[in-house]
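K.L.:
Sharing model.txt, compact mmCIF, C-alpha atoms:
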```
# COMPACT_ATOMS: atom_id res chain seq x y z
CA MET N 2 -31.20 -14.54 14.42
CA ASP N 3 -30.52 -11.46 16.60
CA CYS N 4 -31.34 -8.00 15.30
CA ALA N 5 -28.26 -6.04 14.23
CA ILE N 6 -29.46 -2.89 15.92
CA LYS N 7 -30.24 -4.63 19.21
CA SER N 8 -27.32 -6.95 19.93
CA ARG N 9 -23.57 -7.40 19.44
CA SER N 10 -24.01 -10.83 17.80
CA GLY N 11 -26.52 -9.25 15.41
CA GLU N 12 -24.00 -6.53 14.49
CA GLN N 13 -21.40 -9.19 13.72
CA ALA N 14 -23.88 -11.22 11.66
CA LEU N 15 -24.66 -8.14 9.61
CA THR N 16 -20.98 -7.37 8.98
CA ASP N 17 -20.27 -11.02 8.08
CA TYR N 18 -23.37 -11.26 5.89
CA CYS N 19 -22.31 -8.23 3.85
CA ALA N 20 -18.73 -9.53 3.65
CA GLY N 21 -20.07 -12.88 2.44
CA THR N 22 -18.42 -14.79 5.26
CA LEU N 23 -21.57 -16.18 6.94
CA ASP N 24 -22.13 -19.90 6.36
CA ALA N 25 -25.24 -20.93 4.40
CA ARG N 26 -27.36 -21.78 7.47
CA GLN N 27 -26.56 -18.49 9.24
CA ALA N 28 -27.03 -16.50 6.04
CA ALA N 29 -30.49 -18.08 5.55
CA ALA N 30 -31.44 -17.22 9.15
CA PHE N 31 -30.23 -13.66 8.68
CA GLU N 32 -32.21 -13.32 5.44
CA THR N 33 -35.35 -14.50 7.27
CA HIS N 34 -34.73 -11.78 9.84
CA LEU N 35 -34.14 -9.24 7.06
CA ARG N 36 -37.58 -9.93 5.60
CA GLU N 37 -39.14 -8.86 8.90
CA CYS N 38 -36.81 -6.05 9.99
CA HIS N 39 -36.94 -2.86 7.97
CA GLU N 40 -34.11 -1.18 9.92
CA CYS N 41 -31.71 -4.10 9.35
CA ARG N 42 -32.57 -4.09 5.63
CA ARG N 43 -31.71 -0.40 5.50
CA ILE N 44 -28.33 -1.02 7.24
CA VAL N 45 -27.56 -3.98 4.96
CA ASP N 46 -28.23 -1.86 1.87
CA ALA N 47 -25.96 0.90 3.18
CA GLN N 48 -23.28 -1.63 4.15
CA ARG N 49 -23.38 -3.16 0.67
CA GLU N 50 -22.82 0.28 -0.81
CA VAL N 51 -19.84 0.80 1.50
CA TRP N 52 -18.49 -2.63 0.60
CA GLY N 53 -18.83 -1.82 -3.09
CA ALA N 54 -17.28 1.63 -2.70
CA LEU N 55 -14.31 0.17 -0.81
CA GLY N 56 -13.91 -2.36 -3.61
CA GLN N 57 -13.25 0.48 -6.05
CA PHE N 58 -10.34 1.75 -4.01
CA THR N 59 -7.49 0.06 -5.87
CA PRO N 60 -3.96 1.08 -4.96
CA PRO N 61 -1.37 1.93 -7.63
CA GLU N 62 1.10 -0.69 -8.85
CA VAL N 63 4.18 -1.24 -6.73
CA SER N 64 7.27 0.47 -8.19
CA PRO N 65 9.31 -1.91 -10.37
CA ASP N 66 12.49 -1.02 -8.45
CA PHE N 67 10.96 -1.87 -5.05
CA ASP N 68 12.96 -5.09 -4.61
CA ALA N 69 16.20 -3.52 -5.86
CA ARG N 70 15.88 -0.68 -3.35
CA LEU N 71 15.14 -3.12 -0.55
CA TYR N 72 18.15 -5.30 -1.36
CA ALA N 73 20.36 -2.18 -1.52
CA ARG N 74 19.20 -1.30 2.00
CA ILE N 75 19.86 -4.84 3.19
CA ARG N 76 23.38 -4.74 1.70
CA SER N 77 24.13 -1.40 3.37
CA GLU N 78 22.83 -2.84 6.67
CA GLU N 79 25.29 -5.71 6.46
CA GLU N 80 28.17 -3.23 6.49
CA VAL N 81 26.99 -1.74 9.79
CA PRO N 82 29.17 -2.75 12.79
CA ALA N 83 27.80 -5.56 14.96
CA TRP N 84 27.39 -3.34 18.05
CA ARG N 85 25.17 -0.96 16.11
CA LYS N 86 23.13 -3.89 14.81
CA GLY N 87 22.70 -5.06 18.41
CA LEU N 88 21.58 -1.62 19.56
CA ARG N 89 19.13 -1.42 16.68
CA ARG N 90 17.68 -4.81 17.56
CA LEU N 91 17.26 -3.61 21.14
CA PHE N 92 15.68 -0.24 20.45
CA GLN N 93 13.98 -0.98 17.15
CA PRO N 94 12.58 -4.51 17.44
CA ALA N 95 10.48 -5.97 14.63
CA VAL N 96 7.56 -6.46 16.98
CA PRO N 97 6.99 -3.13 18.75
CA TRP N 98 7.77 -2.69 22.41
CA THR N 99 4.21 -1.52 23.05
CA THR N 100 3.10 -5.13 23.01
CA TRP N 101 5.44 -5.79 25.93
CA LYS N 102 3.94 -2.94 27.93
CA PRO N 103 2.07 -5.11 30.44
CA ALA N 104 5.17 -7.25 31.10
CA VAL N 105 7.38 -4.18 31.46
CA SER N 106 4.88 -2.53 33.81
CA LEU N 107 4.60 -5.70 35.89
CA ALA N 108 8.40 -6.06 36.10
CA GLY N 109 8.67 -2.38 37.10
CA ALA N 110 6.04 -2.80 39.80
CA CYS N 111 7.80 -5.91 41.17
CA MET N 112 11.14 -4.08 41.25
CA LEU N 113 9.59 -1.15 43.11
CA LEU N 114 8.01 -3.52 45.62
CA ALA N 115 11.30 -5.35 46.14
CA LEU N 116 13.13 -2.03 46.57
CA GLY N 117 10.51 -0.97 49.08
CA PHE N 118 11.08 -4.11 51.16
CA LEU N 119 14.87 -3.67 51.03
CA VAL N 120 14.62 -0.12 52.31
CA ARG N 121 12.00 -0.85 54.96
CA VAL N 122 13.34 -4.09 56.50
CA PRO N 123 16.59 -2.83 58.17
CA GLU N 124 14.79 0.25 59.46
CA SER N 125 12.15 -1.84 61.18
CA ARG N 126 14.86 -4.06 62.80
CA ASP N 127 16.50 -0.99 64.36
CA LEU N 128 13.32 0.65 65.46
CA THR N 129 12.02 -1.98 67.89
CA PRO N 130 14.96 -2.07 70.43
CA ARG N 131 15.29 1.71 70.29
CA MET N 132 11.65 2.09 71.17
CA GLU N 133 12.07 -0.36 74.07
CA ARG N 134 15.15 1.55 75.29
CA VAL N 135 13.33 4.85 75.16
CA ASP N 136 10.39 3.38 77.05
CA LEU N 137 12.67 2.04 79.86
CA GLU N 138 14.52 5.34 80.23
CA GLN N 139 11.28 7.23 80.40
CA ALA N 140 9.93 4.88 83.06
CA GLU N 141 13.07 5.24 85.20
CA GLU N 142 12.94 9.04 84.98
CA ALA N 143 9.28 9.04 85.91
CA LEU N 144 9.99 6.88 88.94
CA GLU N 145 12.79 9.20 90.09
CA ASP N 146 10.52 12.20 89.70
CA LEU N 147 7.87 10.46 91.79
CA GLU N 148 10.38 9.71 94.51
CA MET N 149 11.45 13.35 94.58
CA LEU N 150 7.86 14.40 95.04
CA THR N 151 7.08 12.13 97.99
CA PRO N 152 7.51 14.08 101.37
CA SER N 153 9.77 11.51 103.09
CA SER N 154 12.25 11.38 100.29
CA ALA N 155 12.18 15.18 99.99
CA ALA N 156 13.06 15.57 103.72
CA ALA N 157 15.88 13.03 103.42
CA ALA N 158 17.23 14.92 100.49
CA ILE N 159 17.23 18.22 102.51
CA ALA N 160 18.93 16.54 105.49
CA LYS N 161 21.68 15.32 103.23
CA MET C 27 -6.70 -26.47 3.54
CA GLN C 28 -4.94 -24.40 0.91
CA ALA C 29 -4.68 -21.49 3.37
CA VAL C 30 -3.12 -23.75 6.01
CA ALA C 31 -0.60 -25.01 3.48
CA ALA C 32 0.25 -21.43 2.52
CA LEU C 33 0.80 -20.51 6.16
CA GLU C 34 3.03 -23.47 6.77
CA ARG C 35 4.92 -22.54 3.63
CA ASP C 36 5.54 -19.00 4.95
CA ALA C 37 6.85 -20.29 8.27
CA GLU C 38 8.97 -22.86 6.48
CA LEU C 39 10.44 -20.20 4.20
CA MET C 40 11.19 -17.93 7.16
CA LEU C 41 12.92 -20.78 8.98
CA ARG C 42 15.10 -21.25 5.91
CA VAL C 43 15.86 -17.50 5.89
CA ARG C 44 16.94 -17.95 9.52
CA VAL C 45 19.67 -20.35 8.46
CA GLY C 46 20.89 -17.99 5.72
CA ASP C 47 18.83 -18.96 2.67
CA ASP C 48 18.32 -15.65 0.84
CA THR C 49 16.30 -17.30 -1.95
CA SER C 50 13.58 -18.06 0.60
CA PHE C 51 13.55 -14.40 1.61
CA ALA C 52 13.07 -13.48 -2.06
CA LEU C 53 10.12 -15.90 -2.22
CA LEU C 54 8.55 -14.39 0.90
CA LEU C 55 9.00 -10.94 -0.57
CA GLU C 56 7.39 -12.08 -3.81
CA ARG C 57 4.42 -13.58 -1.94
CA HIS C 58 3.70 -10.65 0.36
CA ARG C 59 5.16 -7.53 -1.31
CA ASN C 60 1.92 -6.37 -2.90
CA SER C 61 -0.33 -7.00 0.08
CA VAL C 62 2.04 -5.13 2.43
CA VAL C 63 2.55 -2.16 0.07
CA HIS C 64 -1.19 -1.95 -0.64
CA PHE C 65 -2.05 -2.16 3.03
CA CYS C 66 0.45 0.61 3.82
CA TYR C 67 -0.88 2.68 0.92
CA ARG C 68 -4.48 2.43 2.11
CA MET C 69 -3.31 3.34 5.61
CA VAL C 70 -1.19 6.40 4.76
CA LEU C 71 -2.77 7.31 1.37
CA ASN C 72 0.57 8.16 -0.21
CA GLN C 73 2.42 5.79 -2.52
CA ALA C 74 5.97 6.99 -1.78
CA VAL C 75 5.43 6.81 1.98
CA ALA C 76 3.69 3.43 1.63
CA GLU C 77 6.63 1.92 -0.26
CA GLU C 78 9.07 3.36 2.26
CA LEU C 79 7.08 1.79 5.10
CA ALA C 80 6.80 -1.55 3.29
CA GLN C 81 10.58 -1.56 2.77
CA GLU C 82 11.04 -0.97 6.49
CA VAL C 83 8.65 -3.88 7.21
CA PHE C 84 10.67 -6.32 5.10
CA LEU C 85 13.94 -4.92 6.44
CA ARG C 86 12.75 -5.62 9.99
CA VAL C 87 11.70 -9.12 8.98
CA TYR C 88 15.17 -9.72 7.53
CA ARG C 89 16.89 -8.23 10.59
CA SER C 90 14.88 -10.50 12.89
CA ARG C 91 15.53 -13.67 10.90
CA ALA C 92 17.99 -15.04 13.47
CA THR C 93 15.47 -14.88 16.30
CA TYR C 94 12.38 -15.88 14.32
CA GLU C 95 10.17 -18.51 15.94
CA PRO C 96 7.01 -19.69 14.16
CA THR C 97 4.78 -19.12 17.20
CA ALA C 98 2.13 -17.18 15.25
CA LYS C 99 1.12 -16.94 11.61
CA PHE C 100 3.82 -15.27 9.54
CA THR C 101 1.27 -12.83 8.06
CA THR C 102 0.08 -11.84 11.54
CA TRP C 103 3.66 -10.91 12.42
CA LEU C 104 4.15 -9.15 9.09
CA PHE C 105 0.97 -7.08 9.38
CA ARG C 106 1.69 -6.33 13.01
CA ILE C 107 4.95 -4.67 11.99
CA ALA C 108 3.22 -2.92 9.07
CA THR C 109 0.35 -1.65 11.25
CA HIS C 110 2.74 -0.36 13.89
CA LEU C 111 4.84 1.50 11.33
CA ALA C 112 1.80 2.88 9.47
CA LEU C 113 0.14 4.13 12.67
CA ASN C 114 3.39 5.83 13.68
CA SER C 115 3.68 7.39 10.24
CA ILE C 116 0.09 8.69 10.36
CA ARG C 117 0.77 10.22 13.77
CA ASP C 118 4.06 11.80 12.65
CA ARG C 119 2.62 13.17 9.41
CA ARG C 120 -0.40 14.56 11.24
CA ASN C 121 2.00 16.47 13.43
CA GLU C 122 4.19 17.60 10.53
CA LYS C 123 1.65 18.67 7.93
CA GLY C 124 -1.39 20.87 7.82
CA GLN C 125 -4.69 19.48 6.61
CA GLU C 126 -4.40 21.62 3.47
CA SER C 127 -1.40 19.79 2.07
CA LEU C 128 -2.95 16.42 2.95
CA ASP C 129 -6.04 17.27 0.92
CA LYS C 130 -3.87 18.22 -2.05
CA GLU C 131 -2.07 14.90 -1.79
CA VAL C 132 -5.38 13.01 -1.82
CA LEU C 133 -6.41 14.62 -5.08
CA ASP C 134 -2.96 14.08 -6.62
CA GLY C 135 -3.17 10.38 -5.76
CA VAL C 136 -6.62 10.03 -7.30
CA GLU C 137 -5.49 11.54 -10.58
CA ARG C 138 -2.54 9.20 -10.74
CA GLN C 139 -4.60 6.09 -10.12
CA VAL C 140 -7.45 6.44 -12.55
CA ALA C 141 -5.61 7.36 -15.72
CA ASP C 142 -6.71 4.46 -17.95
CA ARG C 143 -9.55 3.03 -15.93
CA GLN C 144 -12.65 4.63 -17.52
CA PRO C 145 -13.26 5.14 -21.20
CA THR C 146 -15.03 8.53 -21.11
CA VAL C 147 -14.27 11.83 -19.48
CA GLU C 148 -17.63 11.80 -17.72
CA HIS C 149 -17.08 8.34 -16.27
CA ASP C 150 -13.59 9.31 -15.31
CA LEU C 151 -14.84 12.33 -13.40
CA VAL C 152 -17.52 10.34 -11.60
CA TYR C 153 -15.00 7.67 -10.73
CA GLN C 154 -12.51 10.23 -9.46
CA THR C 155 -15.13 11.87 -7.27
CA LYS C 156 -16.23 8.53 -5.83
CA LEU C 157 -12.66 7.49 -5.17
CA ALA C 158 -11.87 10.79 -3.49
CA GLU C 159 -14.88 10.29 -1.21
CA VAL C 160 -13.82 6.75 -0.34
CA ARG C 161 -10.32 7.97 0.48
CA GLU C 162 -11.61 10.81 2.60
CA ALA C 163 -13.94 8.44 4.45
CA ILE C 164 -11.07 6.04 5.13
CA GLU C 165 -8.81 8.90 6.16
CA ALA C 166 -11.41 10.13 8.63
CA LEU C 167 -11.34 6.81 10.52
CA PRO C 168 -9.16 6.59 13.64
CA GLY C 169 -5.94 4.63 13.00
CA LYS C 170 -6.94 1.32 14.62
CA GLN C 171 -10.39 1.30 13.02
CA ARG C 172 -8.77 2.01 9.65
CA ALA C 173 -6.30 -0.84 10.06
CA ALA C 174 -9.08 -3.23 11.15
CA VAL C 175 -11.27 -2.37 8.14
CA LEU C 176 -8.39 -2.71 5.68
CA MET C 177 -7.34 -6.12 7.03
CA HIS C 178 -10.98 -7.29 7.09
CA LYS C 179 -11.97 -6.01 3.67
CA TYR C 180 -8.83 -6.31 1.53
CA ASP C 181 -6.76 -9.00 3.23
CA GLU C 182 -9.78 -11.09 4.24
CA MET C 183 -8.37 -11.72 7.69
CA GLU C 184 -10.47 -13.40 10.37
CA TYR C 185 -11.35 -11.59 13.59
CA ALA C 186 -8.82 -13.63 15.57
CA GLN C 187 -5.96 -12.73 13.25
CA ILE C 188 -6.88 -9.04 13.21
CA ALA C 189 -7.01 -9.16 17.01
CA LYS C 190 -3.51 -10.63 17.19
CA THR C 191 -2.22 -8.09 14.70
CA LEU C 192 -3.72 -5.15 16.59
CA ASP C 193 -2.85 -6.67 19.97
CA CYS C 194 -6.40 -6.56 21.30
CA SER C 195 -9.27 -8.96 22.00
CA GLU C 196 -11.55 -10.43 19.35
CA SER C 197 -14.55 -8.63 20.81
CA ALA C 198 -12.62 -5.35 20.63
CA VAL C 199 -11.99 -6.02 16.92
CA LYS C 200 -15.69 -6.70 16.30
CA SER C 201 -16.54 -3.48 18.04
CA LEU C 202 -13.83 -1.55 16.13
CA LEU C 203 -15.15 -2.92 12.84
CA PHE C 204 -18.77 -2.18 13.56
CA ARG C 205 -17.99 1.39 14.59
CA ALA C 206 -15.77 1.85 11.53
CA TYR C 207 -18.41 0.50 9.11
CA GLU C 208 -21.06 2.59 10.85
CA SER C 209 -18.96 5.69 10.23
CA LEU C 210 -18.28 4.65 6.62
CA ARG C 211 -21.99 4.04 6.06
CA SER C 212 -22.85 7.51 7.19
CA ARG C 213 -20.21 8.99 4.87
CA LEU C 214 -20.63 6.78 1.82
CA ALA C 215 -24.29 5.74 1.85
CA HIS C 216 -25.22 8.30 -0.80
CA MET C 217 -22.83 6.73 -3.34
CA ALA C 218 -25.24 4.07 -4.63
```
Using the file provided, produce a representation of the structure as structure tokens.

P.N.:
Amino acid sequence: MDCAIKSRSGEQALTDYCAGTLDARQAAAFETHLRECHECRRIVDAQREVWGALGQFTPPEVSPDFDARLYARIRSEEEVPAWRKGLRRLFQPAVPWTTWKPAVSLAGACMLLALGFLVRVPESRDLTPRMERVDLEQAEEALEDLEMLTPSSAAAAIAK
Amino acid sequence: MQAVAALERDAELMLRVRVGDDTSFALLLERHRNSVVHFCYRMVLNQAVAEELAQEVFLRVYRSRATYEPTAKFTTWLFRIATHLALNSIRDRRNEKGQESLDKEVLDGVERQVADRQPTVEHDLVYQTKLAEVREAIEALPGKQRAAVLMHKYDEMEYAQIAKTLDCSESAVKSLLFRAYESLRSRLAHMA
């Protein structure tokens, strides 16, 4: 049996032992460990006190009109228009939205990615020919400038 | 075996509620009213607020009857709604009220609970003091740790069910519980 102060499984064994949920074999193993480990014995004693103290915390009786009040609320709900019931179901679900957080985040990320592709794809189609066109024009201009600079072409140009 | 039968019974009753059988809803309410109200009470430490929250829990169950699918244990679903509402209530009340008024409420609640429990004045006083300390220790726990301890101690839920209710892993529940009990031990160890 692992020591409660040294391992996670030991911690769990201690909690289960004090809650009385360990099976007989595990409980016997834990008790053997307890005989050797002073620190675990100290924790078990403290945990038993906590368990006992929590046991004293008894809540008051439920009000006798609890059911009547609930049924009154249910009846008043039934008079609510269907569209409002629908909105309530959407924004106030029984199981909280927080549990859907990962799915909502994932869907949001996918939508952003898709939007990114939609915006980027037409732009990239346009860009390639324009770049080629610019490159060709630049090359032609450079060639003309070179021709202007060569002495023979410059003389011909003056003669004209 | 009995527990399995009880679970199947809950799901069966809820499926009947889905097709409009209000008697089955009354049976479900009868079976789980006390555990839900008591859980809410130990979470928020105020009887009126606890009953209000428990009513909202059952109202949400009734509202969702048409879409109910028995994919998980009925009590897991029920306590998941209760935990969510109680944690929200704790957060809202923390924002609304000062610590002073909360302390007053704690003492008021203790007086109300122990009226006929102990035969002598001395015992009554000791009991009140102990109970106030237990309540303060529970109140000092962070919301999720509090919910985990309450489900573990009073509703005897297994780690897996607590994990599903709190929407976290089983190992996270074990860690939550150990930290919570550690904190309770340091606060309540002198009460022997």

K.L.:
Kindly determine which residues of chain N lie within 9 Å of chain C, considering all atoms listed in the file, and give the answer as number ranges by chain.

P.N.:
N: 9, 12-13, 16, 20, 44, 46-48, 50-64, 67-68, 70-72, 74-75, 78, 86, 90, 93-97, 100

K.L.:
Take the residues just selected and output them with C-alpha atoms as a CSV table (one decimal), keeping the file's coordinate frame.

P.N.:
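File written: part-v7.csv
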```csv
chain,number,residue,atom,x,y,z
N,9,ARG,CA,-23.6,-7.4,19.4
N,12,GLU,CA,-24.0,-6.5,14.5
N,13,GLN,CA,-21.4,-9.2,13.7
N,16,THR,CA,-21.0,-7.4,9.0
N,20,ALA,CA,-18.7,-9.5,3.6
N,44,ILE,CA,-28.3,-1.0,7.2
N,46,ASP,CA,-28.2,-1.9,1.9
N,47,ALA,CA,-26.0,0.9,3.2
N,48,GLN,CA,-23.3,-1.6,4.2
N,50,GLU,CA,-22.8,0.3,-0.8
N,51,VAL,CA,-19.8,0.8,1.5
N,52,TRP,CA,-18.5,-2.6,0.6
N,53,GLY,CA,-18.8,-1.8,-3.1
N,54,ALA,CA,-17.3,1.6,-2.7
N,55,LEU,CA,-14.3,0.2,-0.8
N,56,GLY,CA,-13.9,-2.4,-3.6
N,57,GLN,CA,-13.2,0.5,-6.0
N,58,PHE,CA,-10.3,1.8,-4.0
N,59,THR,CA,-7.5,0.1,-5.9
N,60,PRO,CA,-4.0,1.1,-5.0
N,61,PRO,CA,-1.4,1.9,-7.6
N,62,GLU,CA,1.1,-0.7,-8.8
N,63,VAL,CA,4.2,-1.2,-6.7
N,64,SER,CA,7.3,0.5,-8.2
N,67,PHE,CA,11.0,-1.9,-5.0
N,68,ASP,CA,13.0,-5.1,-4.6
N,70,ARG,CA,15.9,-0.7,-3.4
N,71,LEU,CA,15.1,-3.1,-0.6
N,72,TYR,CA,18.2,-5.3,-1.4
N,74,ARG,CA,19.2,-1.3,2.0
N,75,ILE,CA,19.9,-4.8,3.2
N,78,GLU,CA,22.8,-2.8,6.7
N,86,LYS,CA,23.1,-3.9,14.8
N,90,ARG,CA,17.7,-4.8,17.6
N,93,GLN,CA,14.0,-1.0,17.2
N,94,PRO,CA,12.6,-4.5,17.4
N,95,ALA,CA,10.5,-6.0,14.6
N,96,VAL,CA,7.6,-6.5,17.0
N,97,PRO,CA,7.0,-3.1,18.8
N,100,THR,CA,3.1,-5.1,23.0
```

K.L.:
What is the distance between atom CA of N:Arg26 and atom CA of N:Ser10, in Å to one decimal?

P.N.:
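Distance between the two atoms: 15.4 Å.
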
K.L.:
Between C:Asp36, C:Asp150, C:Glu165, C:Glu122, which residue has the minimum interatomic distance to C:Ala206, considering only C-alpha atoms?

P.N.:
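Of all the options, C:Glu165 lies closest to C:Ala206.
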
K.L.:
Report, in Å to a single decimal, how far apart atom CA of N:Gly21 and atom CA of C:Met177 are.

P.N.:
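Interatomic distance, atom CA of C:Met177 to atom CA of N:Gly21: 15.1 Å.
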
K.L.:
Using atom CA of C:Phe51 and atom CA of C:Ala37 as the two end points, give the distance in Å to one decimal.

P.N.:
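Going from atom CA of C:Phe51 over to atom CA of C:Ala37, I get 11.1 Å.
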
K.L.:
Could you tell me which of C:Arg44, C:His58, C:Lys190, C:Arg119 comes closest to C:Ala174 if we count all atoms listed in the file?

P.N.:
C:Lys190

K.L.:
Residues within 12 Å of C:Arg117, please, as a list in words. Count all atoms listed in the file; anything in the same chain fewer than 3 positions from it doesn't count.

P.N.:
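Near C:Arg117, the qualifying residues are Met69, Val70, His110, Leu111, Ala112, Leu113, Asn114, Arg120, Asn121, Glu122, Lys123, Pro168, Gly169 and Lys170 of chain C.
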